[in-house]
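Note: the block below is work.tsv and it holds TSV, C-alpha atoms.
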chain	number	residue	atom	x	y	z
M	1	MET	CA	-0.47	10.70	10.05
M	2	MET	CA	-0.83	7.04	9.06
M	3	LEU	CA	0.63	7.15	5.55
M	4	ALA	CA	2.53	9.74	3.52
M	5	VAL	CA	3.54	9.17	-0.09
M	6	LYS	CA	6.05	11.66	-1.51
M	7	ASP	CA	6.81	11.94	-5.25
M	8	LEU	CA	6.27	8.19	-5.60
M	9	VAL	CA	6.92	6.58	-8.98
M	10	CYS	CA	5.84	2.96	-9.40
M	11	GLY	CA	6.68	0.35	-12.01
M	12	TYR	CA	8.17	-3.05	-12.67
M	13	ARG	CA	11.37	-2.05	-14.50
M	14	PRO	CA	13.75	0.86	-13.95
M	15	GLY	CA	13.07	3.63	-16.42
M	16	VAL	CA	9.59	2.31	-17.27
M	17	PRO	CA	7.16	4.00	-14.84
M	18	VAL	CA	3.59	2.75	-14.68
M	19	VAL	CA	2.19	5.46	-12.42
M	20	GLY	CA	3.52	8.58	-10.74
M	21	PRO	CA	4.95	10.76	-9.46
M	22	LEU	CA	2.23	10.90	-6.81
M	23	SER	CA	2.11	12.60	-3.41
M	24	PHE	CA	-0.68	12.23	-0.87
M	25	GLN	CA	-1.36	11.74	2.83
M	26	VAL	CA	-3.76	9.52	4.74
M	27	GLU	CA	-4.81	10.48	8.25
M	28	LYS	CA	-5.89	8.20	11.08
M	29	GLY	CA	-9.50	7.05	10.79
M	30	GLU	CA	-9.92	8.07	7.16
M	31	VAL	CA	-11.49	5.93	4.44
M	32	VAL	CA	-9.66	6.65	1.19
M	33	CYS	CA	-10.91	5.37	-2.17
M	34	LEU	CA	-8.51	4.98	-5.08
M	35	VAL	CA	-10.38	5.23	-8.38
M	36	GLY	CA	-9.43	5.17	-12.04
M	37	PRO	CA	-9.76	3.08	-15.22
M	38	ASN	CA	-8.38	-0.41	-15.70
M	39	GLY	CA	-4.68	-0.67	-16.45
M	40	ILE	CA	-3.81	2.74	-15.06
M	41	GLY	CA	-1.61	1.39	-12.24
M	42	LYS	CA	-3.82	1.28	-9.14
M	43	THR	CA	-2.76	-2.22	-8.12
M	44	THR	CA	0.86	-1.38	-8.99
M	45	LEU	CA	0.61	1.56	-6.60
M	46	PHE	CA	-0.77	-0.71	-3.88
M	47	LYS	CA	1.97	-3.29	-4.42
M	48	THR	CA	4.56	-0.55	-4.02
M	49	VAL	CA	2.98	0.84	-0.86
M	50	LEU	CA	2.89	-2.70	0.54
M	51	GLY	CA	6.57	-3.26	-0.20
M	52	LEU	CA	5.96	-5.95	-2.82
M	53	LEU	CA	7.53	-3.69	-5.47
M	54	LYS	CA	10.50	-1.39	-5.02
M	55	PRO	CA	9.70	2.26	-5.79
M	56	LEU	CA	11.28	3.67	-8.94
M	57	GLY	CA	11.38	7.01	-7.18
M	58	GLY	CA	10.10	8.88	-4.16
M	59	SER	CA	9.35	7.58	-0.68
M	60	ILE	CA	6.64	6.01	1.48
M	61	TRP	CA	6.26	6.88	5.14
M	62	VAL	CA	4.15	4.73	7.44
M	63	GLN	CA	3.33	6.10	10.89
M	64	GLY	CA	6.15	8.62	10.56
M	65	ARG	CA	8.79	6.08	9.55
M	66	ASP	CA	10.32	5.42	6.13
M	67	SER	CA	8.85	2.11	4.95
M	68	ARG	CA	12.34	0.95	3.87
M	69	GLU	CA	13.37	0.85	7.53
M	70	TYR	CA	10.79	-1.85	8.39
M	71	SER	CA	11.51	-5.56	8.30
M	72	ALA	CA	8.78	-7.66	6.68
M	73	LYS	CA	7.47	-8.77	10.08
M	74	GLU	CA	7.57	-5.24	11.50
M	75	PHE	CA	5.70	-3.91	8.47
M	76	ALA	CA	3.00	-6.59	8.89
M	77	LYS	CA	2.41	-5.26	12.40
M	78	VAL	CA	1.45	-1.82	11.11
M	79	VAL	CA	-0.19	-2.52	7.72
M	80	ALA	CA	-2.62	-5.32	6.82
M	81	TYR	CA	-3.64	-6.30	3.28
M	82	VAL	CA	-6.99	-7.58	2.05
M	83	PRO	CA	-6.58	-9.08	-1.45
M	84	GLN	CA	-9.01	-8.58	-4.32
M	85	GLY	CA	-9.93	-12.23	-4.36
M	86	HIS	CA	-8.70	-15.35	-2.63
M	87	ILE	CA	-8.82	-18.89	-3.97
M	88	PRO	CA	-8.65	-21.24	-0.99
M	89	PRO	CA	-5.93	-23.89	-1.46
M	90	PHE	CA	-7.17	-26.17	1.32
M	91	PRO	CA	-10.42	-26.54	3.29
M	92	TYR	CA	-9.19	-24.87	6.45
M	93	ALA	CA	-11.80	-23.97	9.03
M	94	VAL	CA	-12.72	-20.29	8.91
M	95	ARG	CA	-11.38	-19.82	12.44
M	96	ASP	CA	-7.99	-21.16	11.35
M	97	VAL	CA	-7.87	-18.84	8.33
M	98	VAL	CA	-8.39	-15.84	10.63
M	99	VAL	CA	-5.77	-17.14	13.08
M	100	MET	CA	-3.26	-17.01	10.20
M	101	GLY	CA	-3.42	-13.25	10.55
M	102	ARG	CA	-1.61	-13.63	13.85
M	103	ASN	CA	1.60	-14.74	12.11
M	104	PRO	CA	3.45	-11.42	12.56
M	105	THR	CA	3.08	-11.73	16.34
M	106	MET	CA	4.33	-15.32	16.48
M	107	HIS	CA	7.82	-16.81	16.54
M	108	GLU	CA	8.97	-18.85	13.58
M	109	LEU	CA	7.72	-22.47	13.67
M	110	SER	CA	5.55	-21.77	16.73
M	111	SER	CA	1.91	-22.79	16.99
M	112	PRO	CA	-0.96	-20.36	17.63
M	113	ARG	CA	-1.54	-19.68	21.32
M	114	ARG	CA	-4.81	-19.40	23.17
M	115	GLU	CA	-4.68	-15.60	22.90
M	116	ASP	CA	-4.31	-15.93	19.12
M	117	PHE	CA	-7.52	-17.94	18.88
M	118	GLU	CA	-9.21	-15.47	21.23
M	119	LYS	CA	-8.18	-12.62	18.93
M	120	ALA	CA	-9.55	-14.54	15.94
M	121	GLU	CA	-12.88	-15.06	17.71
M	122	GLU	CA	-12.98	-11.34	18.57
M	123	MET	CA	-12.49	-10.34	14.93
M	124	LEU	CA	-15.02	-12.85	13.66
M	125	ALA	CA	-17.52	-11.30	16.06
M	126	LEU	CA	-16.58	-7.78	14.95
M	127	MET	CA	-17.28	-8.75	11.33
M	128	GLY	CA	-20.55	-10.44	12.33
M	129	ILE	CA	-19.49	-13.89	11.09
M	130	SER	CA	-18.92	-15.86	14.29
M	131	HIS	CA	-21.42	-18.42	13.02
M	132	LEU	CA	-18.97	-19.33	10.25
M	133	ALA	CA	-16.07	-20.18	12.59
M	134	ASP	CA	-16.31	-23.95	12.18
M	135	ARG	CA	-17.26	-23.95	8.50
M	136	ASP	CA	-14.78	-24.96	5.81
M	137	TYR	CA	-13.43	-21.87	4.11
M	138	THR	CA	-13.87	-23.56	0.73
M	139	GLU	CA	-17.61	-24.00	1.28
M	140	ILE	CA	-18.69	-20.46	2.13
M	141	SER	CA	-19.83	-17.80	-0.36
M	142	GLY	CA	-17.63	-15.18	-1.99
M	143	GLY	CA	-19.10	-12.45	0.17
M	144	GLU	CA	-18.48	-14.48	3.31
M	145	ARG	CA	-14.91	-15.18	2.21
M	146	GLN	CA	-14.32	-11.45	1.80
M	147	MET	CA	-15.53	-10.88	5.36
M	148	VAL	CA	-13.14	-13.62	6.52
M	149	MET	CA	-10.24	-11.93	4.70
M	150	ILE	CA	-11.02	-8.66	6.46
M	151	ALA	CA	-11.22	-10.48	9.81
M	152	ARG	CA	-7.83	-12.09	9.09
M	153	ALA	CA	-6.33	-8.65	8.37
M	154	LEU	CA	-7.82	-7.25	11.57
M	155	ALA	CA	-6.30	-10.13	13.52
M	156	GLN	CA	-2.87	-8.68	12.70
M	157	ASP	CA	-3.68	-5.96	15.23
M	158	THR	CA	-2.91	-3.12	12.82
M	159	ASN	CA	-4.88	0.08	12.36
M	160	LEU	CA	-4.12	0.54	8.65
M	161	LEU	CA	-5.93	-1.72	6.18
M	162	VAL	CA	-5.14	-1.75	2.46
M	163	MET	CA	-7.97	-3.34	0.43
M	164	ASP	CA	-7.67	-4.19	-3.25
M	165	GLU	CA	-11.22	-4.06	-4.66
M	166	PRO	CA	-12.91	-5.59	-1.60
M	167	THR	CA	-16.29	-5.72	-3.37
M	168	SER	CA	-15.01	-7.30	-6.58
M	169	HIS	CA	-17.15	-10.22	-7.88
M	170	LEU	CA	-19.71	-9.78	-5.08
M	171	ASP	CA	-23.45	-9.61	-5.61
M	172	TYR	CA	-25.27	-6.39	-4.77
M	173	GLY	CA	-26.20	-7.44	-1.24
M	174	ASN	CA	-22.72	-8.62	-0.24
M	175	GLU	CA	-21.16	-5.56	-1.87
M	176	ASN	CA	-23.17	-3.30	0.40
M	177	ARG	CA	-22.49	-5.44	3.47
M	178	VAL	CA	-18.75	-5.08	2.89
M	179	LEU	CA	-19.09	-1.31	2.45
M	180	GLY	CA	-21.09	-1.20	5.68
M	181	GLN	CA	-18.27	-2.97	7.49
M	182	VAL	CA	-15.75	-0.50	6.03
M	183	LYS	CA	-17.76	2.38	7.51
M	184	LYS	CA	-18.08	0.55	10.81
M	185	LEU	CA	-14.32	-0.06	11.04
M	186	ALA	CA	-13.57	3.59	10.26
M	187	GLY	CA	-15.90	4.55	13.10
M	188	LEU	CA	-13.80	2.36	15.39
M	189	GLY	CA	-10.63	4.22	14.43
M	190	TYR	CA	-9.27	2.03	11.65
M	191	THR	CA	-7.72	3.67	8.61
M	192	ILE	CA	-8.72	2.12	5.28
M	193	ILE	CA	-7.36	2.61	1.77
M	194	MET	CA	-9.30	0.75	-0.89
M	195	ILE	CA	-9.41	0.43	-4.66
M	196	THR	CA	-12.87	0.53	-6.17
M	197	HIS	CA	-14.15	0.45	-9.74
M	198	VAL	CA	-17.47	1.93	-8.62
M	199	PRO	CA	-17.10	5.69	-8.04
M	200	GLY	CA	-20.41	5.71	-6.16
M	201	HIS	CA	-18.71	3.76	-3.37
M	202	ALA	CA	-16.65	6.85	-2.57
M	203	PHE	CA	-19.79	8.93	-2.04
M	204	LEU	CA	-21.13	6.24	0.31
M	205	CYS	CA	-18.14	5.65	2.55
M	206	ALA	CA	-15.02	7.69	1.70
M	207	ASP	CA	-13.55	10.74	3.40
M	208	LYS	CA	-11.01	11.22	0.62
M	209	VAL	CA	-10.57	10.17	-3.00
M	210	LEU	CA	-7.40	9.57	-4.99
M	211	ALA	CA	-8.21	9.69	-8.70
M	212	VAL	CA	-5.58	8.36	-11.12
M	213	GLY	CA	-6.03	8.74	-14.86
M	214	ARG	CA	-4.18	8.72	-18.13
M	215	ASP	CA	-1.50	11.21	-19.18
M	216	GLY	CA	-0.37	11.73	-15.60
M	217	PHE	CA	-3.75	12.86	-14.28
M	218	PHE	CA	-3.97	12.78	-10.47
M	219	ALA	CA	-6.39	14.46	-8.09
M	220	GLU	CA	-6.79	14.23	-4.33
M	221	GLY	CA	-9.55	15.57	-2.12
M	222	SER	CA	-13.07	14.99	-0.86
M	223	PRO	CA	-15.42	12.89	-3.03
M	224	ASP	CA	-17.51	15.99	-3.87
M	225	ALA	CA	-14.45	18.00	-4.88
M	226	VAL	CA	-12.73	15.30	-6.95
M	227	LEU	CA	-15.53	13.21	-8.45
M	228	THR	CA	-17.20	15.81	-10.62
M	229	GLU	CA	-19.08	14.89	-13.78
M	230	GLU	CA	-16.22	16.28	-15.86
M	231	THR	CA	-13.55	14.30	-14.00
M	232	LEU	CA	-15.53	11.05	-14.04
M	233	SER	CA	-16.23	11.40	-17.76
M	234	THR	CA	-12.54	12.04	-18.42
M	235	LEU	CA	-11.39	9.11	-16.27
M	236	TYR	CA	-13.71	6.50	-17.73
M	237	GLY	CA	-14.32	7.79	-21.25
M	238	VAL	CA	-18.11	7.86	-20.99
M	239	ASP	CA	-20.55	10.67	-20.25
M	240	ILE	CA	-21.58	10.49	-16.58
M	241	GLN	CA	-24.27	12.42	-14.75
M	242	LEU	CA	-24.34	12.89	-10.97
M	243	SER	CA	-27.64	12.99	-9.12
M	244	GLU	CA	-28.46	13.34	-5.44
M	245	VAL	CA	-30.67	10.89	-3.62
M	246	ALA	CA	-32.21	11.46	-0.18
M	247	LEU	CA	-31.93	8.27	1.86
M	248	ARG	CA	-35.19	7.18	3.50
M	249	ARG	CA	-33.59	6.25	6.80
M	250	ASP	CA	-32.12	9.63	7.75
M	251	GLN	CA	-32.74	11.92	4.74
M	252	ARG	CA	-29.00	12.15	4.23
M	253	HIS	CA	-28.23	13.11	0.63
M	254	VAL	CA	-25.89	10.83	-1.34
M	255	LYS	CA	-24.66	11.30	-4.88
M	256	VAL	CA	-25.07	8.52	-7.43
M	257	CYS	CA	-23.32	8.15	-10.79
M	258	VAL	CA	-25.37	7.46	-13.90
M	259	PRO	CA	-23.83	6.85	-17.34
M	260	ILE	CA	-25.81	8.72	-19.98
M	261	THR	CA	-24.31	7.15	-23.09
M	262	ILE	CA	-26.17	3.83	-22.86
structure tokens encoding of this file:
Amino acid sequence: MMLAVKDLVCGYRPGVPVVGPLSFQVEKGEVVCLVGPNGIGKTTLFKTVLGLLKPLGGSIWVQGRDSREYSAKEFAKVVAYVPQGHIPPFPYAVRDVVVMGRNPTMHELSSPRREDFEKAEEMLALMGISHLADRDYTEISGGERQMVMIARALAQDTNLLVMDEPTSHLDYGNENRVLGQVKKLAGLGYTIIMITHVPGHAFLCADKVLAVGRDGFFAEGSPDAVLTEETLSTLYGVDIQLSEVALRRDQRHVKVCVPITI
């Protein structure tokens, strides 16, 4: 088991919970999509799982160990974070941005070693962006920057990736390229937990869905079991119809969500 959340309550002030109590498990190699309306506490949940917020209640177990027992550097060796968006503060070369992911393996004030740059090159190749290595990070597209952020997380040498809306602000093509990489990484044994505002993403790439709604609503299970028309309509406050589409490439059937109130 990669992650176990038990009766977790999240918030910013004691006695003022934003979300919870929640309990769920994430197994090795799973892609888990967290869905729900804006302002419901999805990012707050992620911040708590990542140790950026102290839980108001409950516990978080990572690879069988209570997350409170990890130091910050130890935790960064088992969990990597891909932010929703990243505004580059300086025109670092893409290669150098990815090398920054090696920080948890380095001593304080030390410089990256040859093996750190080799790991960065390996992850750039894995993400299919080796051709960007010498480009300024400030000059590449939003979709390319998202691929770089994933490569940086992979460079930490962890198997658990937490992604906060990895397709946010991307055009349709880049959105699907990122989802393709998520599926590819899962096939290589990585475990991925991601927030998405597009429920259809779960049908495309998720093994499990965590649905968080208002009035304490929480559901966990397969995309087909959790993301029903009734649940989606309740979560988002609009009538939604599900339809199945047979993909041309392999005739695999995938569900798509269509709002019917427009």
Practice task
Report the distance between CA of Val254 (chain M) and CA of Pro223 (chain M) in Å, rounded to one decimal place.
Solution key: 10.8 Å
Practice task
For Gly39 (chain M), list every protein, DNA or RNA residue within 10 Å, evaluated using all atoms listed in the file, and leave out those in the same chain fewer than 4 positions away; present the list as a PyMOL selection string.
Solution key: chain M and resi 18+43-44+213-214
Handout entry: Distance query region 256-260 of chain M at most 8 Å, all atoms listed in the file, self and fewer than 3 positions along chain excluded, as a PyMOL selection string
Key = chain M and resi 199-200+203+238-245
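For the pair CA of Gly143 (chain M) and CA of Leu170 (chain M), the separation is 5.9 Å.
Rounded to one decimal, CA of Gly20 (chain M) and CA of Asp7 (chain M) lie 7.2 Å from each other.
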Reconstructed region 215-232 of chain M, atom set N, CA and C atoms, as an mmCIF file, in the frame of the given file:
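Wrote it out as result-v6.cif, contents follow:
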data_model
loop_
_atom_site.group_PDB
_atom_site.id
_atom_site.type_symbol
_atom_site.label_atom_id
_atom_site.label_comp_id
_atom_site.auth_asym_id
_atom_site.auth_seq_id
_atom_site.Cartn_x
_atom_site.Cartn_y
_atom_site.Cartn_z
ATOM 1 N N ASP M 215 -2.293 10.010 -18.918
ATOM 2 C CA ASP M 215 -1.500 11.210 -19.180
ATOM 3 C C ASP M 215 -1.113 11.939 -17.906
ATOM 4 N N GLY M 216 -0.846 11.143 -16.846
ATOM 5 C CA GLY M 216 -0.370 11.730 -15.600
ATOM 6 C C GLY M 216 -1.418 12.392 -14.748
ATOM 7 N N PHE M 217 -2.698 12.213 -15.074
ATOM 8 C CA PHE M 217 -3.750 12.860 -14.280
ATOM 9 C C PHE M 217 -3.772 12.296 -12.861
ATOM 10 N N PHE M 218 -3.826 13.183 -11.874
ATOM 11 C CA PHE M 218 -3.970 12.780 -10.470
ATOM 12 C C PHE M 218 -4.678 13.883 -9.721
ATOM 13 N N ALA M 219 -5.665 13.494 -8.914
ATOM 14 C CA ALA M 219 -6.390 14.460 -8.090
ATOM 15 C C ALA M 219 -6.649 13.849 -6.727
ATOM 16 N N GLU M 220 -6.581 14.667 -5.714
ATOM 17 C CA GLU M 220 -6.790 14.230 -4.330
ATOM 18 C C GLU M 220 -7.719 15.212 -3.646
ATOM 19 N N GLY M 221 -8.664 14.690 -2.858
ATOM 20 C CA GLY M 221 -9.550 15.570 -2.120
ATOM 21 C C GLY M 221 -10.808 14.849 -1.703
ATOM 22 N N SER M 222 -11.802 15.587 -1.269
ATOM 23 C CA SER M 222 -13.070 14.990 -0.860
ATOM 24 C C SER M 222 -13.782 14.419 -2.076
ATOM 25 N N PRO M 223 -14.682 13.442 -1.884
ATOM 26 C CA PRO M 223 -15.420 12.890 -3.030
ATOM 27 C C PRO M 223 -16.142 13.976 -3.838
ATOM 28 N N ASP M 224 -16.788 14.936 -3.156
ATOM 29 C CA ASP M 224 -17.510 15.990 -3.870
ATOM 30 C C ASP M 224 -16.579 16.859 -4.703
ATOM 31 N N ALA M 225 -15.374 17.119 -4.183
ATOM 32 C CA ALA M 225 -14.450 18.000 -4.880
ATOM 33 C C ALA M 225 -13.793 17.305 -6.077
ATOM 34 N N VAL M 226 -13.481 16.015 -5.917
ATOM 35 C CA VAL M 226 -12.730 15.300 -6.950
ATOM 36 C C VAL M 226 -13.633 14.658 -7.991
ATOM 37 N N LEU M 227 -14.697 14.001 -7.542
ATOM 38 C CA LEU M 227 -15.530 13.210 -8.450
ATOM 39 C C LEU M 227 -16.642 14.057 -9.053
ATOM 40 N N THR M 228 -16.239 14.993 -9.884
ATOM 41 C CA THR M 228 -17.200 15.810 -10.620
ATOM 42 C C THR M 228 -17.599 15.064 -11.895
ATOM 43 N N GLU M 229 -18.662 15.518 -12.519
ATOM 44 C CA GLU M 229 -19.080 14.890 -13.780
ATOM 45 C C GLU M 229 -17.974 14.968 -14.828
ATOM 46 N N GLU M 230 -17.294 16.107 -14.876
ATOM 47 C CA GLU M 230 -16.220 16.280 -15.860
ATOM 48 C C GLU M 230 -15.075 15.309 -15.604
ATOM 49 N N THR M 231 -14.659 15.196 -14.331
ATOM 50 C CA THR M 231 -13.550 14.300 -14.000
ATOM 51 C C THR M 231 -13.917 12.846 -14.262
ATOM 52 N N LEU M 232 -15.098 12.436 -13.837
ATOM 53 C CA LEU M 232 -15.530 11.050 -14.040
ATOM 54 C C LEU M 232 -15.603 10.719 -15.534
#
